[in-house]
Structures are given as structure tokens and as C-alpha cells.
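Trainee: Sharing a structure, written as C-alpha cells. Questions coming.
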Amino acid sequence: MRQRIRWFALHGVVRSLSKFGLRSGDPQARLIADPEVRENPGAFADEQRDRGPVIRCRAVLMTFDHSVAHELLRSDDFRVTELGGNLPKPLRWISKKTDPGLLHPLRPPSLLSVEPPDHTKYRKLVSSVFTPRAVATLRERVEQTATALLDELEGAAVVDIVERYCSQLPVTVIGDILGVPDEDRPRILHFGEMGAPSLDIGLSWQQFQQVNEGIVGFNGWLSEHLEQLRRNPGDDLMSQIIKASDEGPRLNSDELEALAGLVLAAGFETTVNLLGNGIRMLLDAPEHLETLAARPELWPGAVEEILRLESPVQMSARIACKDVDVAGTRVGKDELVVLHLAGANRDPKVFTDPHRFDIDRENAGKHLSFSGGRHFCLGAALARAEGEVGLRTFFERFPDARLAGRAVRRDTRVLRGWSSLPVRLGTARAMNSAT
Ligand code: HEM
């Protein structure tokens, strides 16, 4: 019963209101409930951006404008939001009273929902071990892992490339980094799959229950894993984070779990979508694959362009800390602004012919897919390496790969990617460069 009330406060009300809002074309309602928006977010973003840099919806404000999103991500007048943070007071009260106290990516002490000084303390701890040098050495591991996964595919005719490759590569790499035993990976993927809609609002009761089940399972597994590493530290980065925390700023067990849980989940829930989106886009554009085969130095730029056009994280949000003027619109204290990162990535004021897939686009790297400012993605360098190595290695091994059936999109709004992508692999090319 308690859970049902919680669902009602956090999602049920918004869900019902969205159905009404759809009739009047409210942009937030369309974002939550309109299947066409999910099918073609680029067209939706254009339509909304034409209405102005900041749009007032019934319950929130929104921007699809690159310069506004860029500015707000860096502004001290805005802070990150938390689960239920902008609900009307009575619903917020219910959500607080029914909070089961589980770790959630949008609940403090998650990095994504705290601000300085806590944010600075947690972030320092991760960056102290997740250094550019450490990430550079991980590149080799990404390459070895991709090669091993592709070896297993040889001889298969048609495979679901998301299941067999795009999801396996990130979880293996981040699992190595965080000292996760090989045999635990399928369980983590399963919890991740169940918990992925946790960033969305307006979930159905069934989705909400499934998310909770995933989060409970993940929480249980994580506390055991951290306990294990504390007793038997390895040379993995997670053991180093635990050590740094014990010796330095001393995080309590909730803080440490939230930090480890976010790095782990963010490490595989997003990159799987970059790989799936990239494979799909490139299979649809054989001319780009030919160019990349002839000029492999274009791969890093191609990955930026994939991130720009099919942002694995479509949106974020910020709350105003005080009354403030944003591009001519008054935003009141405590009002929430949805930052549509994917829409900003197609802003014609920044990107010429923004809907065109151009692997040689000069300024593709100006996308906001990794956010910006204090909360800029901590794993961006690793994600870029996984995207580049993962996609290049796949297409070098299987240059004749073709789509082989109906692809199915993930049932999520904030995260965008494929849950299934059947691919006919064709003949494998002998490899000598990917080791
Ligand atoms: C293509 C892959 C990825 C994308 C698109 C992505 C995107 C993002 C975005 C948009 C944010 C900030 C959200 C906001 O400002 O509200 C973020 C934060 C974060 N990401 Fe990623 N991410 C990716 C991969 C990774 C990986 C591989 C890791 C870990 C190794 C990671 C760890 C984190 C962490 C810890 C934060 C929180 C940073 C903070 O709040 O200070 N991400 N990511």
C-alpha cells in the first residue's frame, strides 16, 4: 500500500495530468506521453525551439536552445534536482513520508542530486582515482574486451548485437574497473535493465514496481560487493576509492554506496546506448562506413557526431535557487527548467544543417550529451574510448554486417537507445590490429 501511495505521488498524478496535457499540446506532457515525440525527438525539438529560447509549460519551463542549456548547466543560480523535488508541496510530503531509503540516482547522496560542498567532496574522491592516466590505460582493456566479445560472435549468422556486444562491453569494462567478479555481471545487467526507467517521470505502476525491484536487487548486491572489497581489497579502482575514502574525507556507508552505485550504473546504462545507436546509424549509412574504413582517423569525430545526433541521455533539469532572468524569461525561485540536451544538440544556431549525419562535422564536439559545468560526466573520456574502440573494432571485424529484422527501442524517455538490434554479421575479417 505504501508503495502504491508513493507511486501515486511521484508518478501517478503526473501520468494522469499528462494525458490531459496532451490534448492541449503541453510540451512536457508530450515529452512524457506522446509516442511521436519518442519516435522523432529532433522534429519535436525544432518545433519547440521555434517558440523561443525558454518555453513555459504548465508545470515546468523547458529549453531546447544550445546557449541557454549551456549557460544553465554552468550557472550558480541553478542547482540539480532530486526525485520528487519539484512536486507540489502535498505530493512532496507524501513522497518524503513513503521514502524507503534506497539508493537512487536522483536521491542524495547521489552525485547527480547534490551540490557543493558535498558534491565537491564526492567528486574529488572519484576523480582522484579516475585520472586521465588511469583512463588511458583502460583503453587497452576496452580493446581486449571488444576483441574477445567479437571472437565469440564468429560463426553466428544473426545476433542481437545489443545483447551480445553493446551491453556486454561497457559492463565488462566498468566491472573490471570496479572489481566486479565476472560471474556477477549478468545479475548487474539484469538489475540495470529493470532500473533504467528510474530517471523518467510518469511511470506506470508496473514500471515503478519493476524499477524498485531492480534498485532493491542492485542495492543488496552492491553492499555485499563493497564489504567484500573492504575485506579483500584488489588493485581495482573501487578498492582505491574505498581506501581513499577511509584515509581522506571519510564517507559514511550510504555515501560510499551511492558513489560506487552511480559510477557503476552510469558506466554501463549509457554507453550501451552509444554503441547501439552508433551501430544502427552506421548500418544505415554505408557511405560513412566506407569513408571510416579508408580514413580511420575520422573515428573520434564520428563518435562525437553520433553522441550529438542520438544523445544517450536526452535531457536533464535544473532548479532556480532564486528569481532569475533567462534569455528574457523570468524564472521564479524553485521553478524547474528541463534542459533538453538532445534538442540543444540540434540547434541550427550552432550546428549547420543540424539533422544531417556528418562524420566529418567540424564542431560536433560542441554537443551537450555529457552535460556541462560541475556535473559534467565523470566518465566522458572512458565513454568516448568505448565508443570509438567498440564501434571501430566491430566494423573492422564485420565489414558486411547488415540489419536483419525489426529493431526495438528501449522503453525509456531520458535514456535513448535500442533494447534489441538484430544484425546479420556476414563473414568475419581476420584481425591483426585490435589486440
Ligand atoms: C555515452 C556514455 C555516457 C553519457 C551520454 C553520459 C552522460 C552523462 C550526463 C548527461 C551526466 C550529467 C547529468 C546532469 O548534469 O544532470 C553524467 C554524469 C555522470 N556520469 Fe556519465 N555518461 C556516459 C558514460 C559514463 C560512464 C562510462 C561513467 C563512469 C565510468 C559515467 C559516470 C558519470 C557520473 C559519476 C556522473 C555524475 C557526475 C556529477 O554529477 O558530478 N558516465 N553523465
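Labels used: A, B, ... for chains in the order of the C-alpha cells, numbers from 1 for residues in each chain, and numbers from 1 for ligands as shown.
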Just want the 9 Å neighbourhood of stretch 57-69 of chain A, counted on only C-alpha atoms, with same-chain residues fewer than 5 positions away dropped. Output as a ChimeraX atom specification.
Mentor: /A:21,26-29,45-46,48-49,52,74,86,317,326-327,331,335-347,349-350,367-368,371
Trainee: Using the selection just defined, write its residues with N, CA and C atoms as an mmCIF file, in the first residue's frame.
Mentor:
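Printed below is out_8.cif as written:
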data_model
loop_
_atom_site.group_PDB
_atom_site.id
_atom_site.type_symbol
_atom_site.label_atom_id
_atom_site.label_comp_id
_atom_site.auth_asym_id
_atom_site.auth_seq_id
_atom_site.Cartn_x
_atom_site.Cartn_y
_atom_site.Cartn_z
ATOM 1 N N GLY A 21 -2.886 16.973 -20.575
ATOM 2 C CA GLY A 21 -1.986 17.950 -21.171
ATOM 3 C C GLY A 21 -1.740 17.683 -22.650
ATOM 4 N N ASP A 26 0.578 20.489 -24.405
ATOM 5 C CA ASP A 26 1.599 20.914 -23.436
ATOM 6 C C ASP A 26 2.909 20.162 -23.721
ATOM 7 N N PRO A 27 4.028 20.892 -23.929
ATOM 8 C CA PRO A 27 5.273 20.218 -24.327
ATOM 9 C C PRO A 27 5.756 19.160 -23.325
ATOM 10 N N GLN A 28 5.610 19.445 -22.031
ATOM 11 C CA GLN A 28 6.093 18.449 -21.063
ATOM 12 C C GLN A 28 5.240 17.182 -21.141
ATOM 13 N N ALA A 29 3.922 17.375 -21.304
ATOM 14 C CA ALA A 29 3.027 16.228 -21.420
ATOM 15 C C ALA A 29 3.404 15.413 -22.663
ATOM 16 N N ALA A 45 11.887 18.885 -31.042
ATOM 17 C CA ALA A 45 12.782 19.931 -30.528
ATOM 18 C C ALA A 45 12.743 21.161 -31.438
ATOM 19 N N ASP A 46 12.725 20.960 -32.743
ATOM 20 C CA ASP A 46 12.675 22.103 -33.681
ATOM 21 C C ASP A 46 11.414 22.924 -33.451
ATOM 22 N N GLN A 48 9.560 23.164 -30.802
ATOM 23 C CA GLN A 48 9.559 23.891 -29.536
ATOM 24 C C GLN A 48 10.567 25.039 -29.548
ATOM 25 N N ARG A 49 11.728 24.796 -30.157
ATOM 26 C CA ARG A 49 12.757 25.845 -30.182
ATOM 27 C C ARG A 49 12.261 27.072 -30.941
ATOM 28 N N GLY A 52 10.761 29.881 -28.912
ATOM 29 C CA GLY A 52 11.582 30.775 -28.083
ATOM 30 C C GLY A 52 12.624 29.996 -27.311
ATOM 31 N N ARG A 74 26.061 25.699 -16.210
ATOM 32 C CA ARG A 74 27.222 26.292 -15.533
ATOM 33 C C ARG A 74 26.843 27.341 -14.489
ATOM 34 N N ASN A 86 10.462 18.765 -7.367
ATOM 35 C CA ASN A 86 9.648 19.917 -7.793
ATOM 36 C C ASN A 86 8.151 19.612 -7.783
ATOM 37 N N ALA A 317 17.742 18.412 -15.851
ATOM 38 C CA ALA A 317 16.907 19.502 -15.345
ATOM 39 C C ALA A 317 17.667 20.255 -14.265
ATOM 40 N N VAL A 326 16.196 34.493 -17.565
ATOM 41 C CA VAL A 326 16.943 33.639 -18.503
ATOM 42 C C VAL A 326 16.469 33.936 -19.917
ATOM 43 N N ALA A 327 17.341 34.495 -20.709
ATOM 44 C CA ALA A 327 17.043 34.839 -22.105
ATOM 45 C C ALA A 327 15.678 35.523 -22.231
ATOM 46 N N VAL A 331 12.356 33.358 -14.454
ATOM 47 C CA VAL A 331 12.235 32.038 -13.832
ATOM 48 C C VAL A 331 12.203 32.267 -12.326
ATOM 49 N N GLU A 335 11.574 27.111 -9.365
ATOM 50 C CA GLU A 335 10.980 26.576 -10.601
ATOM 51 C C GLU A 335 11.981 25.666 -11.303
ATOM 52 N N LEU A 336 11.432 24.674 -11.983
ATOM 53 C CA LEU A 336 12.300 23.690 -12.635
ATOM 54 C C LEU A 336 12.379 23.954 -14.137
ATOM 55 N N VAL A 337 13.592 23.911 -14.664
ATOM 56 C CA VAL A 337 13.778 24.051 -16.106
ATOM 57 C C VAL A 337 14.309 22.730 -16.658
ATOM 58 N N VAL A 338 13.560 22.151 -17.594
ATOM 59 C CA VAL A 338 14.042 20.932 -18.262
ATOM 60 C C VAL A 338 15.020 21.360 -19.351
ATOM 61 N N LEU A 339 16.220 20.803 -19.299
ATOM 62 C CA LEU A 339 17.228 21.127 -20.321
ATOM 63 C C LEU A 339 17.227 19.979 -21.320
ATOM 64 N N HIS A 340 16.687 20.229 -22.496
ATOM 65 C CA HIS A 340 16.610 19.151 -23.488
ATOM 66 C C HIS A 340 17.944 19.124 -24.241
ATOM 67 N N LEU A 341 18.843 18.265 -23.732
ATOM 68 C CA LEU A 341 20.206 18.233 -24.281
ATOM 69 C C LEU A 341 20.174 17.830 -25.754
ATOM 70 N N ALA A 342 19.319 16.841 -26.072
ATOM 71 C CA ALA A 342 19.246 16.354 -27.447
ATOM 72 C C ALA A 342 18.750 17.460 -28.372
ATOM 73 N N GLY A 343 17.833 18.293 -27.864
ATOM 74 C CA GLY A 343 17.328 19.402 -28.668
ATOM 75 C C GLY A 343 18.416 20.455 -28.865
ATOM 76 N N ALA A 344 19.160 20.742 -27.795
ATOM 77 C CA ALA A 344 20.261 21.709 -27.890
ATOM 78 C C ALA A 344 21.293 21.223 -28.906
ATOM 79 N N ASN A 345 21.456 19.901 -28.987
ATOM 80 C CA ASN A 345 22.435 19.325 -29.914
ATOM 81 C C ASN A 345 22.029 19.471 -31.378
ATOM 82 N N ARG A 346 20.790 19.885 -31.596
ATOM 83 C CA ARG A 346 20.335 20.082 -32.980
ATOM 84 C C ARG A 346 19.943 21.538 -33.209
ATOM 85 N N ASP A 347 20.523 22.408 -32.406
ATOM 86 C CA ASP A 347 20.208 23.830 -32.550
ATOM 87 C C ASP A 347 20.925 24.379 -33.791
ATOM 88 N N LYS A 349 21.529 27.242 -34.673
ATOM 89 C CA LYS A 349 22.400 28.406 -34.434
ATOM 90 C C LYS A 349 23.840 27.944 -34.181
ATOM 91 N N VAL A 350 24.007 26.685 -33.825
ATOM 92 C CA VAL A 350 25.353 26.169 -33.532
ATOM 93 C C VAL A 350 25.792 25.140 -34.588
ATOM 94 N N HIS A 367 28.518 19.300 -28.678
ATOM 95 C CA HIS A 367 27.261 18.763 -28.151
ATOM 96 C C HIS A 367 27.262 18.816 -26.623
ATOM 97 N N LEU A 368 26.076 18.709 -26.054
ATOM 98 C CA LEU A 368 25.939 18.755 -24.589
ATOM 99 C C LEU A 368 25.585 17.380 -24.032
ATOM 100 N N SER A 371 26.543 16.699 -20.645
ATOM 101 C CA SER A 371 26.190 17.787 -19.744
ATOM 102 C C SER A 371 27.297 18.854 -19.733
#
Trainee: List as a VMD selection string the protein and nucleic acid residues lying within 8 Å of ligand 1, with only C-alpha atoms and all ligand atoms counted.
Mentor: chain A and resid 73 80 110 to 114 119 123 126 170 174 259 262 to 274 307 311 to 318 341 368 to 384 387
Trainee: Determine which residues of stretch 145-354 of chain A DSSP labels as helix (DSSP H, G or I) from the backbone of this structure, then write them out as a ChimeraX atom specification.
Mentor: /A:145-153,161-166,168-177,182-199,205-231,237-247,253-269,271-283,286-294,296-309,341-344
Trainee: Please identify all polymer residues within 12 Å of A:Val142, counting only C-alpha atoms, omitting same-chain residues fewer than 6 positions from it, and present them as a PyMOL selection string.
Mentor: chain A and resi 135-136+148-149+168-177+382-393+434-435
Trainee: If you count only C-alpha atoms, which residues fall within 12 Å of A:Asp284, apart from same-chain ones fewer than 2 positions away, as an MDAnalysis selection string?
Mentor: chainID A and resid 277:282 286:289 357 401:403 423
Trainee: Taking into account only C-alpha atoms, which residue in the set A:Thr412, A:Glu255, A:Gly192, A:Asp235 is nearest to A:Arg107?
Mentor: A:Glu255
Trainee: Closest to A:Lys366 among A:His70, A:Asp400, A:Glu193, A:Thr427, using only C-alpha atoms?
Mentor: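 Among A:His70, A:Asp400, A:Glu193, A:Thr427, it is A:His70 that comes nearest to A:Lys366.
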Trainee: Hey, what's within 12 Å of A:Ala196 if we count only C-alpha atoms and toss same-chain stuff fewer than 6 positions away? As a PyMOL selection string, please?
Mentor: chain A and resi 104-105+188-190+203+207-208+210-215+218+265-266+268-270+272-273+313+410-417+419
Trainee: Atoms to include: C-alpha atoms. Write the selected residues as an mmCIF file, in the first residue's frame.
Mentor:
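Heads up, here's the output in again.cif:
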data_model
loop_
_atom_site.group_PDB
_atom_site.id
_atom_site.type_symbol
_atom_site.label_atom_id
_atom_site.label_comp_id
_atom_site.auth_asym_id
_atom_site.auth_seq_id
_atom_site.Cartn_x
_atom_site.Cartn_y
_atom_site.Cartn_z
ATOM 1 C CA HIS A 104 18.506 6.090 -6.231
ATOM 2 C CA PRO A 105 20.454 8.020 -8.904
ATOM 3 C CA ILE A 188 24.061 -6.479 -12.627
ATOM 4 C CA LEU A 189 22.898 -6.177 -16.226
ATOM 5 C CA HIS A 190 19.566 -7.572 -15.180
ATOM 6 C CA LEU A 203 5.967 5.747 -14.881
ATOM 7 C CA GLN A 207 7.207 0.075 -14.444
ATOM 8 C CA PHE A 208 7.553 1.636 -10.995
ATOM 9 C CA GLN A 210 9.977 -3.148 -11.777
ATOM 10 C CA VAL A 211 12.324 -0.198 -11.193
ATOM 11 C CA ASN A 212 12.037 -0.747 -7.447
ATOM 12 C CA GLU A 213 12.803 -4.420 -7.783
ATOM 13 C CA GLY A 214 15.910 -3.572 -9.831
ATOM 14 C CA ILE A 215 17.036 -0.954 -7.305
ATOM 15 C CA PHE A 218 21.232 -3.700 -7.020
ATOM 16 C CA ALA A 265 25.322 2.118 -13.246
ATOM 17 C CA ALA A 266 26.250 5.260 -15.216
ATOM 18 C CA PHE A 268 27.021 0.726 -18.389
ATOM 19 C CA GLU A 269 23.484 2.135 -18.688
ATOM 20 C CA THR A 270 24.547 4.937 -21.000
ATOM 21 C CA VAL A 272 25.314 0.603 -24.211
ATOM 22 C CA ASN A 273 23.106 3.180 -25.939
ATOM 23 C CA VAL A 313 20.946 10.963 -22.233
ATOM 24 C CA ARG A 410 14.204 0.958 -25.108
ATOM 25 C CA ASP A 411 11.094 1.930 -23.209
ATOM 26 C CA THR A 412 12.748 4.937 -21.577
ATOM 27 C CA ARG A 413 12.493 8.694 -22.120
ATOM 28 C CA VAL A 414 15.609 10.174 -20.544
ATOM 29 C CA LEU A 415 17.841 7.393 -21.850
ATOM 30 C CA ARG A 416 17.634 6.771 -25.599
ATOM 31 C CA GLY A 417 18.806 3.590 -27.229
ATOM 32 C CA SER A 419 16.879 -2.766 -26.478
#
Trainee: Let's see if you can do this: from backbone DSSP, list all strand (DSSP E or B) residues in stretch 278-390 of chain A, as a PyMOL selection string.
Mentor: chain A and resi 313+315-320+324-326+329-331+336-340
Trainee: Using all heavy atoms, can you export the residues from the last selection as a compact mmCIF listing (two decimals), in the first residue's frame?
Mentor:
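part28.txt, freshly written:
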# COMPACT_ATOMS: atom_id res chain seq x y z
N VAL A 313 21.71 10.31 -23.30
CA VAL A 313 20.95 10.96 -22.23
C VAL A 313 20.28 12.16 -22.89
O VAL A 313 20.94 13.12 -23.27
CB VAL A 313 21.87 11.43 -21.07
CG1 VAL A 313 21.06 12.14 -20.00
CG2 VAL A 313 22.61 10.23 -20.47
N MET A 315 17.94 14.34 -21.75
CA MET A 315 17.63 15.60 -21.04
C MET A 315 18.09 15.55 -19.59
O MET A 315 18.34 14.47 -19.04
CB MET A 315 16.14 15.89 -21.11
CG MET A 315 15.29 14.84 -20.46
SD MET A 315 13.57 14.97 -20.99
CE MET A 315 13.39 13.53 -22.00
N SER A 316 18.19 16.73 -19.01
CA SER A 316 18.45 16.85 -17.59
C SER A 316 17.56 17.99 -17.08
O SER A 316 16.72 18.49 -17.83
CB SER A 316 19.94 17.12 -17.36
OG SER A 316 20.20 17.12 -15.99
N ALA A 317 17.74 18.41 -15.85
CA ALA A 317 16.91 19.50 -15.35
C ALA A 317 17.67 20.26 -14.27
O ALA A 317 18.56 19.71 -13.62
CB ALA A 317 15.61 18.93 -14.77
N ARG A 318 17.29 21.51 -14.09
CA ARG A 318 17.88 22.32 -13.02
C ARG A 318 16.78 23.15 -12.36
O ARG A 318 15.80 23.51 -13.01
CB ARG A 318 18.96 23.26 -13.58
CG ARG A 318 20.22 22.56 -14.15
CD ARG A 318 21.02 21.87 -13.07
NE ARG A 318 22.28 21.33 -13.55
CZ ARG A 318 22.45 20.07 -13.97
NH1 ARG A 318 21.45 19.23 -14.02
NH2 ARG A 318 23.65 19.66 -14.35
N ILE A 319 16.99 23.46 -11.07
CA ILE A 319 16.02 24.27 -10.34
C ILE A 319 16.63 25.63 -10.00
O ILE A 319 17.81 25.69 -9.58
CB ILE A 319 15.61 23.55 -9.03
CG1 ILE A 319 14.79 22.30 -9.39
CG2 ILE A 319 14.83 24.44 -8.09
CD1 ILE A 319 14.16 21.60 -8.21
N ALA A 320 15.85 26.69 -10.17
CA ALA A 320 16.37 28.04 -9.87
C ALA A 320 16.52 28.21 -8.36
O ALA A 320 15.61 27.90 -7.60
CB ALA A 320 15.41 29.09 -10.42
N VAL A 324 15.25 34.66 -11.32
CA VAL A 324 16.34 34.99 -12.24
C VAL A 324 15.79 35.13 -13.66
O VAL A 324 14.79 34.49 -14.01
CB VAL A 324 17.46 33.90 -12.14
CG1 VAL A 324 16.95 32.51 -12.36
CG2 VAL A 324 18.62 34.17 -13.05
N ASP A 325 16.45 35.99 -14.45
CA ASP A 325 16.02 36.19 -15.83
C ASP A 325 16.86 35.30 -16.75
O ASP A 325 18.08 35.32 -16.68
CB ASP A 325 16.25 37.67 -16.18
CG ASP A 325 15.74 37.98 -17.56
OD1 ASP A 325 14.56 38.28 -17.69
OD2 ASP A 325 16.55 37.90 -18.51
N VAL A 326 16.20 34.49 -17.57
CA VAL A 326 16.94 33.64 -18.50
C VAL A 326 16.47 33.94 -19.92
O VAL A 326 15.31 33.66 -20.26
CB VAL A 326 16.74 32.13 -18.20
CG1 VAL A 326 17.51 31.27 -19.19
CG2 VAL A 326 17.12 31.79 -16.78
N THR A 329 13.13 35.46 -20.13
CA THR A 329 12.02 34.85 -19.39
C THR A 329 12.33 34.87 -17.90
O THR A 329 13.45 34.53 -17.50
CB THR A 329 11.80 33.38 -19.85
OG1 THR A 329 11.47 33.40 -21.23
CG2 THR A 329 10.69 32.70 -19.07
N ARG A 330 11.32 35.26 -17.12
CA ARG A 330 11.51 35.29 -15.66
C ARG A 330 11.33 33.87 -15.12
O ARG A 330 10.29 33.24 -15.33
CB ARG A 330 10.42 36.21 -15.08
CG ARG A 330 10.66 36.60 -13.64
CD ARG A 330 11.63 37.75 -13.59
NE ARG A 330 12.08 38.01 -12.23
CZ ARG A 330 13.33 38.35 -11.95
NH1 ARG A 330 14.24 38.44 -12.87
NH2 ARG A 330 13.67 38.60 -10.70
N VAL A 331 12.36 33.36 -14.45
CA VAL A 331 12.23 32.04 -13.83
C VAL A 331 12.20 32.27 -12.33
O VAL A 331 13.12 32.87 -11.76
CB VAL A 331 13.43 31.13 -14.21
CG1 VAL A 331 13.28 29.75 -13.58
CG2 VAL A 331 13.57 31.01 -15.72
N LEU A 336 11.43 24.67 -11.98
CA LEU A 336 12.30 23.69 -12.64
C LEU A 336 12.38 23.95 -14.14
O LEU A 336 11.36 24.20 -14.78
CB LEU A 336 11.74 22.29 -12.39
CG LEU A 336 12.57 21.15 -12.96
CD1 LEU A 336 12.98 20.19 -11.85
CD2 LEU A 336 11.81 20.38 -14.02
N VAL A 337 13.59 23.91 -14.66
CA VAL A 337 13.78 24.05 -16.11
C VAL A 337 14.31 22.73 -16.66
O VAL A 337 15.36 22.25 -16.22
CB VAL A 337 14.79 25.18 -16.45
CG1 VAL A 337 14.85 25.40 -17.96
CG2 VAL A 337 14.45 26.47 -15.73
N VAL A 338 13.56 22.15 -17.59
CA VAL A 338 14.04 20.93 -18.26
C VAL A 338 15.02 21.36 -19.35
O VAL A 338 14.69 22.20 -20.20
CB VAL A 338 12.87 20.15 -18.89
CG1 VAL A 338 13.38 18.97 -19.71
CG2 VAL A 338 11.90 19.67 -17.81
N LEU A 339 16.22 20.80 -19.30
CA LEU A 339 17.23 21.13 -20.32
C LEU A 339 17.23 19.98 -21.32
O LEU A 339 17.69 18.87 -21.00
CB LEU A 339 18.62 21.25 -19.69
CG LEU A 339 18.73 22.12 -18.44
CD1 LEU A 339 20.13 22.08 -17.87
CD2 LEU A 339 18.35 23.56 -18.78
N HIS A 340 16.69 20.23 -22.50
CA HIS A 340 16.61 19.15 -23.49
C HIS A 340 17.94 19.12 -24.24
O HIS A 340 18.16 19.85 -25.21
CB HIS A 340 15.43 19.39 -24.43
CG HIS A 340 14.97 18.14 -25.09
ND1 HIS A 340 15.54 17.66 -26.24
CD2 HIS A 340 14.03 17.24 -24.74
CE1 HIS A 340 14.94 16.52 -26.57
NE2 HIS A 340 14.02 16.24 -25.68
Trainee: Give me the residues near A:Arg230 as a list in words, where near means some atom within 8 Å (using only C-alpha atoms) and where sequence neighbours in that chain fewer than 3 positions away do not count.
Mentor: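 Contacts, with the query itself left out: Leu226, Glu227, Pro233, Ser239 and Ile242 of chain A.
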